[in-house]
Amino acid sequence: MTSVIHTSEIGKPPPTGPRGKRRHVRSLTGDFPEVDEKGQEKWPKGDEKAWKAAMQLPEVTRDIVNHVQTSLARAPYNIDDFGAYQAAALSVRDNLIVNWNSTQLEYSRKSPKRAYYLSLEFLMGRTLSNALLNLGLLDSYSSSLSSLGFSLEDILVQERDAALGNGGLGRLAACYLDSSATQELPVWGYGLRYKYGIFQQLIKAEDGSQLEAPDPWLEHQNPWELPRLDVTYEVRFYGNAQRWGEGTGRATWSGGQEVLAVAYDVMIPGYGTKSTNNLRLWESKPKRGFDLQSFNAGNYERAVEASNSAAAITSVLYPNDHTTFGKELRLKQQYFWTAASLADMMRRFKHLDKPIHEFPEYNAVQLNDTHPTLAIVELMRILVDEEELPWDSAWSIVTNTFFFTNHTVLPEALEKWPVPLMEHLLPRHMQIIFDIVSPLFLQSVEKKFPGDRDRLAHLSLIEEGFPKQIRMANLAVVGSKKVNGVAELHSDLVQRNLFPDFVEFYGQSKFGNVTNGITPRRWLDQCNPSLSSLITDTLKIDRNVWLKDLYKLEGLLAHADDPEFQARWAAVKHQNKERLALFVERQLGIKVDAHALFDVQIKRLHEYKRQTLNILGVIHRYLLIKNMTPEERKKVVKKVVFFAGKAAPGYYIAKLTIRLIVNVARVINADPDTNQYLSLFFLPDYSVSLAEILIPASDISQHISTAGTEASGTSNMKFCLNGGLLVGTVDGANIEIAEEVGEDNVFFFGHLTPDVEDLRYQHTYHSIPVEEKSPALAHVLNTVSSGIFGGDGVYEPLLNTVRQGDFYLLTDDFDSYIRALEMVDEAYADRTEWIKKSIRTSAKMGKFSSDRAIQDYAQEYWNIESIRV
């Protein structure tokens, strides 16, 4: 089941009914105190003495009340939970600003080398709870809010998740910012301030399909950002680029459209330290907004055309690029963001009064995937056209400044831009790319591999065709000092499959691995405080210590066989399952059995992540239980399956998968024969905050990508850190997790990476019908086709991706997958041994802290050092 929206009700006024007494819940001014029967004023909220004393005392309570009165212009008589959240957030922000200023002052004094993390996504989650934990103020604010009549738990849920990301790429970036500040490293993030995020996911009541609505996360003032209206840069699009003459490499870029990039700063506090770094987000605004002449002439649309065009750049994350306009807007976004960020870095560097050739000695720029690759070209433009450096000198600076992280092993997922689009939108940058291709790169390739035309074609930044395409991944490799993958298998595949010619050309020293990590502050201490407390009590170590050195969790292994500790561990897990069950009941009105096995898969929807395999497995389980006798059903392990994740608006097959999940849930949950043994839920509008409820409650989590397709994954780390066992393929970071926790504590299945290409070859040229390869899967597919889950044939395109071609090998892995789930059932039946597996899994997750990962980058890539504030 899932929460739904009835499209027929959109736009209709709310139903009328008996009206109770009108209560003015929120108002900025004008409320008066209520009086009792004797005419005496009644204090409306909390302890009257606490409120009034707070106006005199220099403490947390006073800070909150001060913001209620001065920042919000409210009073005790008209303050609600949301107002209390705003006041508390502004009070916490005051602490962050003090630490932020101290940190930046220290950086200015010592002039260290800085690293800048360029990511199109930063999936931050809620900030208030994280800031309170990192600042060590959780208890103080809980007590103060309680004295004012508010519950901290009620206040925390008032905050909307910042809509600055979608999936693992953005969450990884957020973890790295947290760890950088905690490790006291001088690292800033640069991103975009999306007005509407990617989208708010709704589920259509009529047919269970995904609908997309704007995510209005900024509709109320965001207390966590500081507008820097004095930090603005002009960014140009279109126009003309006129070269100066032969040999100089320089040109003048003029005309076209100019847009302003305006900075908004978000402070990133470290844990247990004053070190507070920065995430700078750019908002696009018109340089000349309102065209008064057009307005006065009656052309109202033209009057706001420039304003709308500029604002569109930072309206939405990942605009649908299935249209020409969408493609152009995506490219605009990427250049706008990288150009503003580099202008900001260059301004900061020039304040040091150092010669320009020392730029790489003070700046390291990490490209988080190919999205910011235009930064390489933009820095060349700045150095050649504005700083008037010779081409070779400029290129030397560029190739010692940038570092590139690849996040995919799918060649078709590597970004490419049509040459005509680049020439139209960024004419000067297209010239520079051509200049890089010819004199700089391909000539050196020809010199090393004379006459090898195939190699020249593979290494070229330009892919021949109609139209020609710019290979952004190739550009990122050529323009960066080092390139890394994000898990050991992935980094190996990057070198062997994606960029083997580059490895031969540059040598292996240019390529490396940094396995992803997660911050234990949010993904254990914040989302699972009961487990954090149990760990602290058991290890007899202050949580400030083990949260900064996750390897200390190995101390739990000595307690894995202790029955008392096992009981406490199991009690924490059950408490988290009850919390999730209560959440589902409140959202969907359906009771969930917290004693059942909780099976969770939460990821963005994509064919290679194989949510389709999971839902087909659920249907298989349903059909088996349905055909059992009542006595046989009593022996079945009860299971509740949870899905969450968004599908890209233009990704038809992924959206069809969501529709199937929702409608299968409707049938299963309504079936009286089976619903006490199996239930299924799709939780819409997946977010960090929803993950913080789901992850601590999982008994198993599924990470079942086709072998060799998942770069790393980080949700697998979060589940395992919280004691959930892993069901997965031998892919990405699953491999390294198994190496750490032991394969006895992981449920692996499916073919291995070396088998994949041969299997795909067999599918293409020597295909075997599904009925022969996997009769069980064929039965499931035919059941879906029969219409039992509705649709009138609507699911056939999805089912045909399995029946015909089966690129992601569902037919090859299905039987093995079902056997793995049967092994889970058998293991779960032995509760004592299951709890031991859970303890051992958490205890061996030290390697997967983002603190370790960020130190790898700092020492082996960026060459930066910690700065104590």
# chains A, B, ... in the order shown; residues from 1 in each chain; ligands from 1
>>> closest_atom_pairs(of="range 142-203 of chain A", to="range 502-524 of chain A", cutoff="9 Å", atoms="only C-alpha atoms", output="CSV")
residue,atom,partner,partner_atom,distance
A:Arg171,CA,A:Ile518,CA,8.6
A:Leu172,CA,A:Ile518,CA,7.0
A:Ala174,CA,A:Thr519,CA,8.9
A:Cys175,CA,A:Thr519,CA,5.3
A:Tyr176,CA,A:Thr519,CA,7.7
A:Asp178,CA,A:Thr519,CA,7.1
A:Ser179,CA,A:Thr519,CA,6.7
>>> select_by_dssp(residues="range 219-370 of chain A", states="helix (DSSP H, G or I)", output="number ranges by chain")
A: 292-296, 300-303, 305-314, 324-350, 356-362
>>> write_last_selection(atoms="N, CA and C atoms", output="compact mmCIF listing (two decimals), in the first residue's frame")
# COMPACT_ATOMS: atom_id res chain seq x y z
N LEU A 292 10.80 47.42 -18.38
CA LEU A 292 9.71 48.37 -18.22
C LEU A 292 9.19 48.89 -19.56
N GLN A 293 10.08 49.02 -20.55
CA GLN A 293 9.64 49.52 -21.86
C GLN A 293 8.65 48.56 -22.50
N SER A 294 8.96 47.25 -22.45
CA SER A 294 8.03 46.26 -23.00
C SER A 294 6.72 46.25 -22.22
N PHE A 295 6.81 46.41 -20.92
CA PHE A 295 5.60 46.42 -20.10
C PHE A 295 4.70 47.59 -20.47
N ASN A 296 5.32 48.77 -20.60
CA ASN A 296 4.53 49.95 -20.94
C ASN A 296 3.95 49.87 -22.35
N TYR A 300 3.48 42.21 -21.97
CA TYR A 300 3.76 41.81 -20.58
C TYR A 300 4.62 40.55 -20.50
N GLU A 301 4.47 39.64 -21.45
CA GLU A 301 5.28 38.43 -21.41
C GLU A 301 6.75 38.75 -21.64
N ARG A 302 7.02 39.64 -22.60
CA ARG A 302 8.42 40.01 -22.86
C ARG A 302 9.01 40.76 -21.68
N ALA A 303 8.18 41.47 -20.95
CA ALA A 303 8.67 42.26 -19.82
C ALA A 303 9.33 41.40 -18.76
N GLU A 305 10.41 38.16 -19.52
CA GLU A 305 11.06 37.03 -20.20
C GLU A 305 12.47 36.81 -19.67
N ALA A 306 13.26 37.89 -19.53
CA ALA A 306 14.63 37.74 -19.06
C ALA A 306 14.67 37.21 -17.64
N SER A 307 13.74 37.70 -16.82
CA SER A 307 13.68 37.25 -15.43
C SER A 307 13.35 35.78 -15.34
N ASN A 308 12.38 35.34 -16.11
CA ASN A 308 11.98 33.93 -16.09
C ASN A 308 13.08 33.03 -16.64
N SER A 309 13.75 33.48 -17.69
CA SER A 309 14.82 32.69 -18.28
C SER A 309 15.96 32.47 -17.29
N ALA A 310 16.30 33.52 -16.55
CA ALA A 310 17.38 33.40 -15.57
C ALA A 310 16.96 32.52 -14.41
N ALA A 311 15.76 32.72 -13.90
CA ALA A 311 15.28 31.98 -12.74
C ALA A 311 15.17 30.48 -13.03
N ALA A 312 14.91 30.13 -14.29
CA ALA A 312 14.72 28.72 -14.65
C ALA A 312 15.98 27.90 -14.41
N ILE A 313 17.15 28.54 -14.44
CA ILE A 313 18.41 27.80 -14.33
C ILE A 313 18.50 27.04 -13.01
N THR A 314 18.04 27.66 -11.94
CA THR A 314 18.12 26.99 -10.63
C THR A 314 16.73 26.66 -10.08
N THR A 324 14.79 19.33 -26.42
CA THR A 324 15.92 20.20 -26.72
C THR A 324 16.07 21.27 -25.65
N PHE A 325 14.93 21.83 -25.21
CA PHE A 325 14.98 22.85 -24.16
C PHE A 325 15.56 22.27 -22.88
N GLY A 326 15.14 21.05 -22.54
CA GLY A 326 15.64 20.42 -21.32
C GLY A 326 17.14 20.18 -21.37
N LYS A 327 17.64 19.73 -22.54
CA LYS A 327 19.08 19.52 -22.68
C LYS A 327 19.83 20.83 -22.49
N GLU A 328 19.34 21.88 -23.13
CA GLU A 328 20.02 23.18 -23.03
C GLU A 328 20.00 23.68 -21.59
N LEU A 329 18.88 23.48 -20.90
CA LEU A 329 18.78 23.95 -19.51
C LEU A 329 19.74 23.19 -18.61
N ARG A 330 19.89 21.89 -18.83
CA ARG A 330 20.84 21.11 -18.03
C ARG A 330 22.27 21.62 -18.23
N LEU A 331 22.64 21.86 -19.48
CA LEU A 331 23.99 22.35 -19.76
C LEU A 331 24.18 23.76 -19.17
N LYS A 332 23.13 24.56 -19.22
CA LYS A 332 23.18 25.89 -18.62
C LYS A 332 23.45 25.78 -17.12
N GLN A 333 22.72 24.87 -16.48
CA GLN A 333 22.91 24.66 -15.05
C GLN A 333 24.37 24.35 -14.73
N GLN A 334 24.93 23.42 -15.48
CA GLN A 334 26.28 22.96 -15.18
C GLN A 334 27.31 24.07 -15.37
N TYR A 335 27.14 24.84 -16.43
CA TYR A 335 28.12 25.92 -16.62
C TYR A 335 27.92 27.05 -15.61
N PHE A 336 26.68 27.44 -15.37
CA PHE A 336 26.37 28.49 -14.39
C PHE A 336 27.03 28.19 -13.05
N TRP A 337 26.86 26.96 -12.59
CA TRP A 337 27.38 26.53 -11.28
C TRP A 337 28.91 26.50 -11.27
N THR A 338 29.52 25.92 -12.28
CA THR A 338 30.99 25.82 -12.28
C THR A 338 31.64 27.18 -12.49
N ALA A 339 31.03 28.03 -13.33
CA ALA A 339 31.62 29.35 -13.59
C ALA A 339 31.58 30.22 -12.34
N ALA A 340 30.44 30.22 -11.62
CA ALA A 340 30.34 31.01 -10.40
C ALA A 340 31.30 30.49 -9.33
N SER A 341 31.40 29.17 -9.22
CA SER A 341 32.27 28.57 -8.20
C SER A 341 33.73 28.89 -8.46
N LEU A 342 34.17 28.79 -9.71
CA LEU A 342 35.56 29.10 -10.03
C LEU A 342 35.87 30.59 -9.86
N ALA A 343 34.91 31.44 -10.20
CA ALA A 343 35.11 32.88 -9.98
C ALA A 343 35.30 33.16 -8.49
N ASP A 344 34.56 32.44 -7.66
CA ASP A 344 34.66 32.61 -6.21
C ASP A 344 36.01 32.11 -5.70
N MET A 345 36.45 30.97 -6.20
CA MET A 345 37.76 30.45 -5.81
C MET A 345 38.88 31.39 -6.24
N MET A 346 38.77 31.91 -7.46
CA MET A 346 39.82 32.80 -7.97
C MET A 346 39.87 34.09 -7.17
N ARG A 347 38.70 34.62 -6.79
CA ARG A 347 38.68 35.84 -5.95
C ARG A 347 39.38 35.57 -4.62
N ARG A 348 39.09 34.42 -4.01
CA ARG A 348 39.68 34.09 -2.71
C ARG A 348 41.21 33.91 -2.86
N PHE A 349 41.62 33.26 -3.94
CA PHE A 349 43.06 33.05 -4.16
C PHE A 349 43.79 34.38 -4.35
N LYS A 350 43.19 35.31 -5.06
CA LYS A 350 43.86 36.57 -5.34
C LYS A 350 44.04 37.41 -4.08
N ILE A 356 49.96 33.59 -9.99
CA ILE A 356 48.89 32.74 -10.49
C ILE A 356 49.36 31.30 -10.68
N HIS A 357 50.64 31.07 -10.95
CA HIS A 357 51.09 29.71 -11.19
C HIS A 357 51.07 28.87 -9.91
N GLU A 358 50.88 29.52 -8.75
CA GLU A 358 50.78 28.79 -7.49
C GLU A 358 49.35 28.39 -7.16
N PHE A 359 48.43 28.63 -8.07
CA PHE A 359 47.01 28.31 -7.82
C PHE A 359 46.82 26.86 -7.35
N PRO A 360 47.44 25.85 -7.97
CA PRO A 360 47.23 24.47 -7.51
C PRO A 360 47.82 24.18 -6.14
N GLU A 361 48.75 25.03 -5.68
CA GLU A 361 49.33 24.82 -4.36
C GLU A 361 48.39 25.27 -3.25
N TYR A 362 47.34 26.00 -3.61
CA TYR A 362 46.38 26.50 -2.62
C TYR A 362 44.96 26.01 -2.88
>>> closest_residue(among="A:Leu164, A:Ala251, A:Ala73, A:Ile203", to="Leu281 in chain A", atoms="only C-alpha atoms")
A:Leu164
>>> select_by_dssp(residues="range 127-353 of chain A", states="strand (DSSP E or B)", output="ChimeraX atom specification")
/A:187-192,200-204,210-213,225-237,240-243,251-254,257-269,276-286
>>> write_last_selection(atoms="C-alpha atoms", output="PDB file, in the first residue's frame")
ATOM      1  CA  VAL A 187      36.874  21.916   2.565  1.00  0.00           C
ATOM      2  CA  TRP A 188      33.987  23.847   1.023  1.00  0.00           C
ATOM      3  CA  GLY A 189      31.147  22.474  -1.047  1.00  0.00           C
ATOM      4  CA  TYR A 190      29.674  24.230  -4.081  1.00  0.00           C
ATOM      5  CA  GLY A 191      26.213  23.462  -5.439  1.00  0.00           C
ATOM      6  CA  LEU A 192      22.976  24.998  -6.713  1.00  0.00           C
ATOM      7  CA  GLN A 200       7.673  15.877  -4.800  1.00  0.00           C
ATOM      8  CA  GLN A 201       6.540  12.331  -5.510  1.00  0.00           C
ATOM      9  CA  LEU A 202       2.810  11.626  -5.379  1.00  0.00           C
ATOM     10  CA  ILE A 203       1.016   8.366  -6.082  1.00  0.00           C
ATOM     11  CA  LYS A 204      -2.128   8.575  -8.186  1.00  0.00           C
ATOM     12  CA  GLN A 210       3.895   8.216  -9.956  1.00  0.00           C
ATOM     13  CA  LEU A 211       3.012  11.883 -10.303  1.00  0.00           C
ATOM     14  CA  GLU A 212       5.530  14.693 -10.005  1.00  0.00           C
ATOM     15  CA  ALA A 213       4.788  17.996  -8.275  1.00  0.00           C
ATOM     16  CA  GLU A 225      21.082  29.651   4.886  1.00  0.00           C
ATOM     17  CA  LEU A 226      22.712  33.060   4.864  1.00  0.00           C
ATOM     18  CA  PRO A 227      22.005  35.105   1.738  1.00  0.00           C
ATOM     19  CA  ARG A 228      25.263  36.680   0.560  1.00  0.00           C
ATOM     20  CA  LEU A 229      23.775  39.385  -1.620  1.00  0.00           C
ATOM     21  CA  ASP A 230      27.195  41.010  -1.831  1.00  0.00           C
ATOM     22  CA  VAL A 231      28.739  37.864  -3.349  1.00  0.00           C
ATOM     23  CA  THR A 232      27.577  37.875  -6.958  1.00  0.00           C
ATOM     24  CA  TYR A 233      29.179  36.964 -10.271  1.00  0.00           C
ATOM     25  CA  GLU A 234      28.104  37.545 -13.849  1.00  0.00           C
ATOM     26  CA  VAL A 235      27.798  34.403 -15.965  1.00  0.00           C
ATOM     27  CA  ARG A 236      27.530  34.645 -19.758  1.00  0.00           C
ATOM     28  CA  PHE A 237      25.714  32.394 -22.225  1.00  0.00           C
ATOM     29  CA  ASN A 240      30.315  35.319 -29.963  1.00  0.00           C
ATOM     30  CA  ALA A 241      33.920  34.288 -29.375  1.00  0.00           C
ATOM     31  CA  GLN A 242      36.504  36.100 -31.500  1.00  0.00           C
ATOM     32  CA  ARG A 243      40.049  34.718 -31.491  1.00  0.00           C
ATOM     33  CA  ALA A 251      39.799  35.060 -27.534  1.00  0.00           C
ATOM     34  CA  THR A 252      37.202  37.652 -26.566  1.00  0.00           C
ATOM     35  CA  TRP A 253      33.774  36.324 -25.611  1.00  0.00           C
ATOM     36  CA  SER A 254      31.019  38.951 -25.807  1.00  0.00           C
ATOM     37  CA  GLN A 257      22.806  36.627 -22.159  1.00  0.00           C
ATOM     38  CA  GLU A 258      24.264  37.615 -18.791  1.00  0.00           C
ATOM     39  CA  VAL A 259      22.916  36.104 -15.592  1.00  0.00           C
ATOM     40  CA  LEU A 260      23.812  36.857 -11.975  1.00  0.00           C
ATOM     41  CA  ALA A 261      24.925  34.098  -9.617  1.00  0.00           C
ATOM     42  CA  VAL A 262      24.020  35.027  -6.031  1.00  0.00           C
ATOM     43  CA  ALA A 263      25.585  33.120  -3.125  1.00  0.00           C
ATOM     44  CA  TYR A 264      23.721  31.486  -0.254  1.00  0.00           C
ATOM     45  CA  ASP A 265      25.832  29.935   2.499  1.00  0.00           C
ATOM     46  CA  VAL A 266      24.914  26.898   4.587  1.00  0.00           C
ATOM     47  CA  MET A 267      27.137  26.263   7.613  1.00  0.00           C
ATOM     48  CA  ILE A 268      28.433  22.706   8.128  1.00  0.00           C
ATOM     49  CA  PRO A 269      29.403  22.009  11.760  1.00  0.00           C
ATOM     50  CA  THR A 276      32.531  24.819  10.805  1.00  0.00           C
ATOM     51  CA  ASN A 277      32.866  24.643   7.042  1.00  0.00           C
ATOM     52  CA  ASN A 278      30.650  25.992   4.305  1.00  0.00           C
ATOM     53  CA  LEU A 279      28.343  24.840   1.550  1.00  0.00           C
ATOM     54  CA  ARG A 280      27.911  27.685  -0.921  1.00  0.00           C
ATOM     55  CA  LEU A 281      24.838  27.420  -3.133  1.00  0.00           C
ATOM     56  CA  TRP A 282      24.219  29.584  -6.182  1.00  0.00           C
ATOM     57  CA  GLU A 283      20.878  31.049  -7.180  1.00  0.00           C
ATOM     58  CA  SER A 284      20.368  32.453 -10.680  1.00  0.00           C
ATOM     59  CA  LYS A 285      18.902  35.912 -11.091  1.00  0.00           C
ATOM     60  CA  PRO A 286      18.561  38.219 -14.084  1.00  0.00           C
TER      61      PRO A 286
END
>>> residues_around(residues="range 141-154 of chain A", least_positions_apart="2", cutoff="8 Å", atoms="only C-alpha atoms", output="compact mmCIF listing (two decimals) with C-alpha atoms, in the first residue's frame")
# COMPACT_ATOMS: atom_id res chain seq x y z
CA LYS A 45 1.96 27.87 26.44
CA GLY A 46 4.41 26.20 28.82
CA ASP A 47 5.78 27.56 32.06
CA GLU A 48 5.02 31.27 32.46
CA ALA A 50 10.36 30.13 32.19
CA TRP A 51 9.13 32.39 29.42
CA VAL A 60 19.34 28.79 25.50
CA THR A 61 15.80 29.54 26.65
CA ASP A 81 5.25 24.22 16.75
CA ALA A 84 9.05 27.29 17.81
CA ALA A 88 15.07 27.27 17.84
CA LEU A 132 22.36 20.02 17.88
CA LEU A 137 23.47 21.05 22.56
CA LEU A 138 20.75 18.40 22.20
CA ASP A 139 19.97 18.10 25.91
CA LEU A 156 12.23 18.46 14.73
CA VAL A 157 9.56 17.12 12.37
CA GLN A 158 8.54 20.66 11.41
>>> atom_distance(atom1="CA of Tyr107 in chain A", atom2="CA of Pro186 in chain A")
7.5 Å
>>> residues_around(residues="Lys416 in chain A", least_positions_apart="5", cutoff="7 Å", atoms="only C-alpha atoms", output="ChimeraX atom specification")
/A:469-472
>>> residues_around(residues="range 658-672 of chain A", least_positions_apart="3", cutoff="9 Å", atoms="only C-alpha atoms", output="mmCIF file with C-alpha atoms, in the first residue's frame")
data_model
loop_
_atom_site.group_PDB
_atom_site.id
_atom_site.type_symbol
_atom_site.label_atom_id
_atom_site.label_comp_id
_atom_site.auth_asym_id
_atom_site.auth_seq_id
_atom_site.Cartn_x
_atom_site.Cartn_y
_atom_site.Cartn_z
ATOM 1 C CA MET A 1 0.000 0.000 0.000
ATOM 2 C CA THR A 2 0.968 3.644 -0.276
ATOM 3 C CA ILE A 203 1.016 8.366 -6.082
ATOM 4 C CA ASP A 207 -3.922 3.546 -10.946
ATOM 5 C CA GLY A 208 -0.935 3.719 -8.590
ATOM 6 C CA SER A 209 1.329 5.619 -10.983
ATOM 7 C CA GLN A 210 3.895 8.216 -9.956
ATOM 8 C CA LEU A 605 14.326 3.548 -9.376
ATOM 9 C CA GLN A 611 13.576 -3.248 -7.988
ATOM 10 C CA THR A 612 11.777 -5.316 -10.641
ATOM 11 C CA ILE A 615 8.769 -7.137 -6.708
ATOM 12 C CA VAL A 618 7.407 -10.703 -3.654
ATOM 13 C CA ILE A 619 4.765 -11.929 -6.113
ATOM 14 C CA TYR A 622 2.610 -14.373 -2.405
ATOM 15 C CA PHE A 643 10.017 -0.004 -1.087
ATOM 16 C CA GLY A 645 12.481 5.732 -4.177
ATOM 17 C CA LYS A 646 11.785 8.112 -7.030
ATOM 18 C CA ALA A 647 11.817 7.436 -10.762
ATOM 19 C CA ILE A 653 10.033 1.612 -17.299
ATOM 20 C CA ALA A 654 11.062 2.786 -13.820
ATOM 21 C CA LYS A 655 7.723 4.528 -13.353
ATOM 22 C CA ASN A 675 -1.896 -10.647 4.646
ATOM 23 C CA GLN A 676 -0.919 -11.808 8.123
ATOM 24 C CA LEU A 678 3.116 -11.083 3.877
ATOM 25 C CA SER A 679 2.460 -7.378 3.451
ATOM 26 C CA LEU A 680 3.946 -4.805 1.105
ATOM 27 C CA PHE A 681 4.292 -1.021 1.236
ATOM 28 C CA PHE A 682 5.563 1.645 -1.134
ATOM 29 C CA VAL A 784 1.129 -10.284 -13.869
ATOM 30 C CA ILE A 788 -4.587 -10.029 -11.317
ATOM 31 C CA PHE A 789 -2.826 -6.775 -10.397
ATOM 32 C CA GLY A 790 -4.839 -4.712 -12.867
ATOM 33 C CA GLY A 791 -3.491 -2.698 -15.727
ATOM 34 C CA TYR A 795 2.775 -3.834 -17.599
#
>>> residues_around(residues="Leu461 in chain A", least_positions_apart="4", cutoff="12 Å", atoms="only C-alpha atoms", output="PyMOL selection string")
chain A and resi 415-419+430+432-438+440-442+456-457+468-479+502
>>> closest_residue(among="A:Pro411, A:Pro223, A:Pro684, A:Gly272", to="Val92 in chain A", atoms="only C-alpha atoms")
A:Pro223
>>> closest_residue(among="A:Leu367, A:Asn863, A:Lys195, A:Ser275", to="Leu105 in chain A", atoms="only C-alpha atoms")
A:Ser275
>>> residues_around(residues="range 768-773 of chain A", least_positions_apart="5", cutoff="8 Å", atoms="only C-alpha atoms", output="number ranges by chain")
A: 763, 778-779, 803, 811-812
>>> write_last_selection(atoms="N, CA, C and O atoms", output="PDB file, in the first residue's frame")
ATOM      1  N   HIS A 763      21.861 -14.147 -24.565  1.00  0.00           N
ATOM      2  CA  HIS A 763      20.502 -13.613 -24.693  1.00  0.00           C
ATOM      3  C   HIS A 763      20.249 -13.092 -26.104  1.00  0.00           C
ATOM      4  O   HIS A 763      19.146 -13.216 -26.639  1.00  0.00           O
ATOM      5  N   ALA A 778       8.693 -17.515 -14.935  1.00  0.00           N
ATOM      6  CA  ALA A 778       7.692 -17.497 -16.009  1.00  0.00           C
ATOM      7  C   ALA A 778       6.286 -17.468 -15.428  1.00  0.00           C
ATOM      8  O   ALA A 778       5.408 -16.739 -15.924  1.00  0.00           O
ATOM      9  N   HIS A 779       6.074 -18.244 -14.365  1.00  0.00           N
ATOM     10  CA  HIS A 779       4.753 -18.262 -13.716  1.00  0.00           C
ATOM     11  C   HIS A 779       4.407 -16.890 -13.144  1.00  0.00           C
ATOM     12  O   HIS A 779       3.265 -16.415 -13.266  1.00  0.00           O
ATOM     13  N   ARG A 803      11.423 -10.716 -20.686  1.00  0.00           N
ATOM     14  CA  ARG A 803      11.189 -11.815 -21.650  1.00  0.00           C
ATOM     15  C   ARG A 803      12.063 -11.681 -22.897  1.00  0.00           C
ATOM     16  O   ARG A 803      12.448 -12.683 -23.500  1.00  0.00           O
ATOM     17  N   THR A 811      16.324 -13.167 -15.577  1.00  0.00           N
ATOM     18  CA  THR A 811      16.039 -14.593 -15.797  1.00  0.00           C
ATOM     19  C   THR A 811      17.191 -15.471 -15.325  1.00  0.00           C
ATOM     20  O   THR A 811      16.972 -16.602 -14.874  1.00  0.00           O
ATOM     21  N   ASP A 812      18.401 -14.959 -15.395  1.00  0.00           N
ATOM     22  CA  ASP A 812      19.574 -15.740 -14.976  1.00  0.00           C
ATOM     23  C   ASP A 812      19.709 -15.794 -13.450  1.00  0.00           C
ATOM     24  O   ASP A 812      20.222 -16.774 -12.909  1.00  0.00           O
TER      25      ASP A 812
END
>>> closest_residue(among="A:Pro216, A:Gly249, A:Gly270, A:Gly197", to="Trp100 in chain A", atoms="only C-alpha atoms")
A:Gly270
